[in-house]
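Encoded as structure tokens, the structure appears first; notes follow it.
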Amino acid sequence: FMSRMPIVGGNWKMNAGNGTTKQSVVELVEGLNAAPKPSSGCEVFVAVPYIYLDSVSSTIDKSFKVSAQNMYKEAKGAFTGEISGEMLMDMGISTVIIGHSERRDIFGETDALLGAKISKALSLGMRVVACCGEHKEEREAGTTMDVLVPQLEAIVANTEDWSNLVIAYEPVWAIGTGLTATPEQAQDTHAKIREWLASKIGTTADGVRIQYGGSVNDKNAAELAKAPDIDGFLVGGASLKAGPFSTIYGVF
Ligand code: PEP
């Protein structure tokens, strides 16, 4: 059994901290800088909108990493509105979330595209947080793993060195809904994901960190964190306030 350092991310989504202004970003960063620091045994990142990456990374305490929420698969060129991994790395941003369910469901990103993004980001030496998750109807129909497997296959097909790859399991029905998976439901799915991974990559699967995401908050984090295959969290709403977010990473 390989030990896995917990990793907790705050996904700000299209929120400038608690508002839509650079001032509200400054306030959240100030709050995080004043909050209890992550323990040395836990990695913490904040994933902020592109336009704030530079200011946040130059003002936030060094105990937090700063992440992008997306990137494109190409280095440069005629891709209006997109940002490349090369550009992120040049700005000192070496962590990226890829394949969040909002990218899949709202922007139509496919496993093929996400696989290409993962491959590109890893080739640049970036830390990739690759997301997967099923919808409510799929869970209710008992097809959770049938939905996760193609998502995971796109990850496996594009990952050679697993040291920079983190999986975020985020059941879509739990994202932003206040409906958290129970620790048992989350553990059960995390264990199945790891078991499936082991069938593809062998014992390397023991070292792959799997974050849980979906309505994690300062009240439920401690209980979820006890599950043996939950190696951290990806947090949306509760990452927009320093107090709750620091309580969440503080459970590790
Ligand atoms: C997320 O955006 O990854 C997420 C899990 O959101 P929330 O915590 O708000 O459910």
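Within each chain, counting starts at residue 1; across the structure tokens, chains are named A, B, ... in the order shown, with ligands numbered 1 upward in that order.
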Could you list, as a list in words, all protein and nucleic acid residues with an atom at most 7 Å from ligand 1, counting only C-alpha atoms and all ligand atoms?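 Taking only C-alpha atoms and all ligand atoms into account, the residues around ligand 1 at most 7 Å away are Asn11, Lys13, His100, Glu170, Ala174, Ile175, Gly176, Thr177, Gly178, Gly213, Gly214, Ser215, Val216, Leu234, Val235, Gly236, Gly237 and Ala238 of chain A.
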Residues as selected, N, CA and C atoms, written as a PDB file, in the first residue's frame, can you do that?
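What ended up in result12.pdb:
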ATOM      1  N   ASN A  11     -12.477  24.902  -6.385  1.00  0.00           N
ATOM      2  CA  ASN A  11     -12.830  25.256  -7.766  1.00  0.00           C
ATOM      3  C   ASN A  11     -13.758  26.461  -7.722  1.00  0.00           C
ATOM      4  N   LYS A  13     -14.871  28.123 -10.118  1.00  0.00           N
ATOM      5  CA  LYS A  13     -15.750  28.217 -11.300  1.00  0.00           C
ATOM      6  C   LYS A  13     -15.741  29.655 -11.835  1.00  0.00           C
ATOM      7  N   HIS A 100     -14.075  18.802 -16.103  1.00  0.00           N
ATOM      8  CA  HIS A 100     -15.135  19.019 -15.117  1.00  0.00           C
ATOM      9  C   HIS A 100     -16.484  18.768 -15.785  1.00  0.00           C
ATOM     10  N   GLU A 170     -16.584  13.050  -9.242  1.00  0.00           N
ATOM     11  CA  GLU A 170     -17.617  14.019  -8.894  1.00  0.00           C
ATOM     12  C   GLU A 170     -18.959  13.597  -9.472  1.00  0.00           C
ATOM     13  N   ALA A 174     -24.428  15.433  -7.313  1.00  0.00           N
ATOM     14  CA  ALA A 174     -23.998  15.986  -6.019  1.00  0.00           C
ATOM     15  C   ALA A 174     -23.346  17.359  -6.167  1.00  0.00           C
ATOM     16  N   ILE A 175     -23.121  17.791  -7.415  1.00  0.00           N
ATOM     17  CA  ILE A 175     -22.406  19.052  -7.616  1.00  0.00           C
ATOM     18  C   ILE A 175     -23.351  20.236  -7.517  1.00  0.00           C
ATOM     19  N   GLY A 176     -23.080  21.088  -6.550  1.00  0.00           N
ATOM     20  CA  GLY A 176     -23.848  22.320  -6.401  1.00  0.00           C
ATOM     21  C   GLY A 176     -25.288  22.105  -5.988  1.00  0.00           C
ATOM     22  N   THR A 177     -25.606  20.901  -5.528  1.00  0.00           N
ATOM     23  CA  THR A 177     -26.991  20.575  -5.203  1.00  0.00           C
ATOM     24  C   THR A 177     -27.238  20.480  -3.702  1.00  0.00           C
ATOM     25  N   GLY A 178     -26.147  20.437  -2.927  1.00  0.00           N
ATOM     26  CA  GLY A 178     -26.303  20.215  -1.496  1.00  0.00           C
ATOM     27  C   GLY A 178     -26.523  18.748  -1.165  1.00  0.00           C
ATOM     28  N   GLY A 213     -15.689  14.967  -5.087  1.00  0.00           N
ATOM     29  CA  GLY A 213     -16.291  16.300  -5.213  1.00  0.00           C
ATOM     30  C   GLY A 213     -17.794  16.211  -5.343  1.00  0.00           C
ATOM     31  N   GLY A 214     -18.491  17.147  -4.738  1.00  0.00           N
ATOM     32  CA  GLY A 214     -19.955  17.184  -4.800  1.00  0.00           C
ATOM     33  C   GLY A 214     -20.493  17.600  -3.457  1.00  0.00           C
ATOM     34  N   SER A 215     -20.732  18.921  -3.333  1.00  0.00           N
ATOM     35  CA  SER A 215     -21.313  19.474  -2.117  1.00  0.00           C
ATOM     36  C   SER A 215     -20.535  19.139  -0.848  1.00  0.00           C
ATOM     37  N   VAL A 216     -19.214  19.095  -0.980  1.00  0.00           N
ATOM     38  CA  VAL A 216     -18.394  18.971   0.228  1.00  0.00           C
ATOM     39  C   VAL A 216     -18.448  20.309   0.962  1.00  0.00           C
ATOM     40  N   LEU A 234     -12.480  17.939  -4.179  1.00  0.00           N
ATOM     41  CA  LEU A 234     -12.583  19.080  -5.082  1.00  0.00           C
ATOM     42  C   LEU A 234     -13.849  19.807  -4.646  1.00  0.00           C
ATOM     43  N   VAL A 235     -13.678  21.061  -4.267  1.00  0.00           N
ATOM     44  CA  VAL A 235     -14.731  21.806  -3.580  1.00  0.00           C
ATOM     45  C   VAL A 235     -15.154  22.997  -4.418  1.00  0.00           C
ATOM     46  N   GLY A 236     -16.442  23.123  -4.684  1.00  0.00           N
ATOM     47  CA  GLY A 236     -16.934  24.284  -5.420  1.00  0.00           C
ATOM     48  C   GLY A 236     -17.379  25.375  -4.472  1.00  0.00           C
ATOM     49  N   GLY A 237     -18.683  25.424  -4.235  1.00  0.00           N
ATOM     50  CA  GLY A 237     -19.291  26.504  -3.455  1.00  0.00           C
ATOM     51  C   GLY A 237     -18.584  26.827  -2.149  1.00  0.00           C
ATOM     52  N   ALA A 238     -18.200  25.794  -1.410  1.00  0.00           N
ATOM     53  CA  ALA A 238     -17.602  26.031  -0.091  1.00  0.00           C
ATOM     54  C   ALA A 238     -16.159  26.523  -0.173  1.00  0.00           C
TER      55      ALA A 238
END
Those in range 75-249 of chain A with strand (DSSP E or B) from DSSP, as a list of chain:residue names: A:Ser84, A:Thr95, A:Val96, A:Ile97, A:Ile98, A:Arg127, A:Val128, A:Val129, A:Ala130, A:Cys131, A:Cys132, A:Leu165, A:Val166, A:Ile167, A:Ala168, A:Tyr169, A:Ile210, A:Gln211, A:Tyr212, A:Gly213, A:Phe233, A:Leu234, A:Val235
Could you dump the residues just selected with C-alpha atoms as a short mmCIF file (atom, residue, chain, number, x, y, z; two decimals), in the first residue's frame?
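Output saved as out.cif:
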data_model
loop_
_atom_site.label_atom_id
_atom_site.label_comp_id
_atom_site.auth_asym_id
_atom_site.auth_seq_id
_atom_site.Cartn_x
_atom_site.Cartn_y
_atom_site.Cartn_z
CA SER A 84 -2.89 26.85 -23.85
CA THR A 95 -1.94 22.65 -12.18
CA VAL A 96 -5.05 22.28 -14.33
CA ILE A 97 -8.51 20.78 -13.92
CA ILE A 98 -9.60 18.87 -17.03
CA ARG A 127 -0.33 18.36 -12.52
CA VAL A 128 -3.68 17.27 -13.98
CA VAL A 129 -6.90 16.90 -12.02
CA ALA A 130 -9.01 14.78 -14.37
CA CYS A 131 -12.70 14.66 -13.52
CA CYS A 132 -15.25 11.92 -13.95
CA LEU A 165 -2.38 12.61 -12.51
CA VAL A 166 -5.12 13.08 -9.91
CA ILE A 167 -8.63 11.76 -10.48
CA ALA A 168 -11.59 13.75 -9.20
CA TYR A 169 -14.70 11.62 -8.82
CA ILE A 210 -8.80 10.14 -6.05
CA GLN A 211 -10.55 13.28 -4.86
CA TYR A 212 -14.25 13.31 -4.07
CA GLY A 213 -16.29 16.30 -5.21
CA PHE A 233 -11.71 16.85 -2.18
CA LEU A 234 -12.58 19.08 -5.08
CA VAL A 235 -14.73 21.81 -3.58
#
Of the residues A:Lys226, A:His135, A:Lys120, A:Arg104, which is the one nearest to Pro183 in chain A, using only C-alpha atoms?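 Among A:Lys226, A:His135, A:Lys120, A:Arg104, it is A:Lys226 that comes nearest to Pro183 in chain A.
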Per residue of range 107-154 of chain A within 12 Å of range 192-201 of chain A, note the shortest atom pair and the distance in Å to one decimal, counting only C-alpha atoms, and order the rows by chain and increasing residue number, as a Markdown table.
| residue | atom | partner | partner_atom | distance |
| --- | --- | --- | --- | --- |
| A:Cys132 | CA | A:Ile193 | CA | 10.1 |
| A:Gly133 | CA | A:Ile193 | CA | 10.7 |
| A:Thr144 | CA | A:Lys192 | CA | 10.1 |
| A:Met145 | CA | A:Lys192 | CA | 7.9 |
| A:Asp146 | CA | A:Ile193 | CA | 11.1 |
| A:Val147 | CA | A:Ile193 | CA | 11.4 |
| A:Leu148 | CA | A:Ile193 | CA | 8.1 |
| A:Val149 | CA | A:Trp196 | CA | 8.1 |
| A:Pro150 | CA | A:Trp196 | CA | 11.4 |
| A:Gln151 | CA | A:Ile193 | CA | 10.9 |
| A:Leu152 | CA | A:Leu197 | CA | 8.1 |
| A:Glu153 | CA | A:Leu197 | CA | 9.1 |
| A:Ala154 | CA | A:Leu197 | CA | 11.9 |
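With only C-alpha atoms as the basis for measurement, A:Gln23 is the residue among A:Asn18, A:Thr189, A:Ser39, A:Gln23 that approaches Ser55 in chain A most closely.
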Excluding range 68-74 of chain A and its own-chain neighbours fewer than 5 positions away, which residues fall within 10 Å of it when counting only C-alpha atoms? Please give them as a ChimeraX atom specification. /A:11-14,45-50,52-53,79,81-88,93-100,103,113-121,128-129
Output C-alpha atoms of each residue in that selection to a file, as a PDB file, in the first residue's frame.
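In the end it all went to part_18.pdb:
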ATOM      1  CA  ASN A  11     -12.830  25.256  -7.766  1.00  0.00           C
ATOM      2  CA  TRP A  12     -13.998  28.844  -7.969  1.00  0.00           C
ATOM      3  CA  LYS A  13     -15.750  28.217 -11.300  1.00  0.00           C
ATOM      4  CA  MET A  14     -16.891  31.496 -12.913  1.00  0.00           C
ATOM      5  CA  PHE A  45      -4.843  24.435  -4.646  1.00  0.00           C
ATOM      6  CA  VAL A  46      -7.301  27.065  -5.769  1.00  0.00           C
ATOM      7  CA  ALA A  47      -8.575  26.927  -9.350  1.00  0.00           C
ATOM      8  CA  VAL A  48      -9.386  30.483 -10.391  1.00  0.00           C
ATOM      9  CA  PRO A  49     -10.700  32.082 -13.569  1.00  0.00           C
ATOM     10  CA  TYR A  50      -7.954  32.699 -16.135  1.00  0.00           C
ATOM     11  CA  TYR A  52      -7.105  36.295 -12.102  1.00  0.00           C
ATOM     12  CA  LEU A  53      -4.420  33.599 -12.265  1.00  0.00           C
ATOM     13  CA  PHE A  79      -8.492  29.107 -31.351  1.00  0.00           C
ATOM     14  CA  GLY A  81     -11.166  32.327 -26.612  1.00  0.00           C
ATOM     15  CA  GLU A  82      -8.822  29.518 -25.642  1.00  0.00           C
ATOM     16  CA  ILE A  83      -5.708  29.356 -23.449  1.00  0.00           C
ATOM     17  CA  SER A  84      -2.889  26.847 -23.854  1.00  0.00           C
ATOM     18  CA  GLY A  85      -0.930  24.800 -21.369  1.00  0.00           C
ATOM     19  CA  GLU A  86       2.240  26.450 -22.682  1.00  0.00           C
ATOM     20  CA  MET A  87       0.800  29.838 -21.720  1.00  0.00           C
ATOM     21  CA  LEU A  88      -0.216  28.586 -18.290  1.00  0.00           C
ATOM     22  CA  ILE A  93       0.583  27.825 -13.417  1.00  0.00           C
ATOM     23  CA  SER A  94       1.363  24.107 -13.377  1.00  0.00           C
ATOM     24  CA  THR A  95      -1.942  22.652 -12.177  1.00  0.00           C
ATOM     25  CA  VAL A  96      -5.049  22.281 -14.332  1.00  0.00           C
ATOM     26  CA  ILE A  97      -8.514  20.775 -13.920  1.00  0.00           C
ATOM     27  CA  ILE A  98      -9.600  18.871 -17.029  1.00  0.00           C
ATOM     28  CA  GLY A  99     -13.019  17.488 -17.841  1.00  0.00           C
ATOM     29  CA  HIS A 100     -15.135  19.019 -15.117  1.00  0.00           C
ATOM     30  CA  ARG A 103     -17.119  21.417 -19.350  1.00  0.00           C
ATOM     31  CA  LEU A 113     -10.901  16.110 -26.591  1.00  0.00           C
ATOM     32  CA  LEU A 114     -10.329  15.699 -22.878  1.00  0.00           C
ATOM     33  CA  GLY A 115      -7.875  12.890 -23.523  1.00  0.00           C
ATOM     34  CA  ALA A 116      -5.890  15.158 -25.848  1.00  0.00           C
ATOM     35  CA  LYS A 117      -5.866  17.899 -23.216  1.00  0.00           C
ATOM     36  CA  ILE A 118      -4.659  15.467 -20.556  1.00  0.00           C
ATOM     37  CA  SER A 119      -1.899  14.208 -22.828  1.00  0.00           C
ATOM     38  CA  LYS A 120      -0.772  17.749 -23.621  1.00  0.00           C
ATOM     39  CA  ALA A 121      -0.831  18.942 -20.006  1.00  0.00           C
ATOM     40  CA  VAL A 128      -3.683  17.275 -13.982  1.00  0.00           C
ATOM     41  CA  VAL A 129      -6.899  16.903 -12.017  1.00  0.00           C
TER      42      VAL A 129
END
Given only C-alpha atoms as the counted atoms, nearest of A:Trp162, A:Trp173, A:Phe252, A:Phe64 to Cys42 in chain A: A:Phe252
Distance query Lys37 in chain A at most 8 Å, only C-alpha atoms, self and fewer than 2 positions along chain excluded, as a list in words: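 Listed by chain and then number, they are Asn33, Ala35, Ser39, Ser63 and Ser246 of chain A.
Each of A:Thr143, A:Thr247, A:Thr180, A:Thr59 was checked against Pro36 in chain A using only C-alpha atoms; the smallest atom-to-atom distance is that of A:Thr247.
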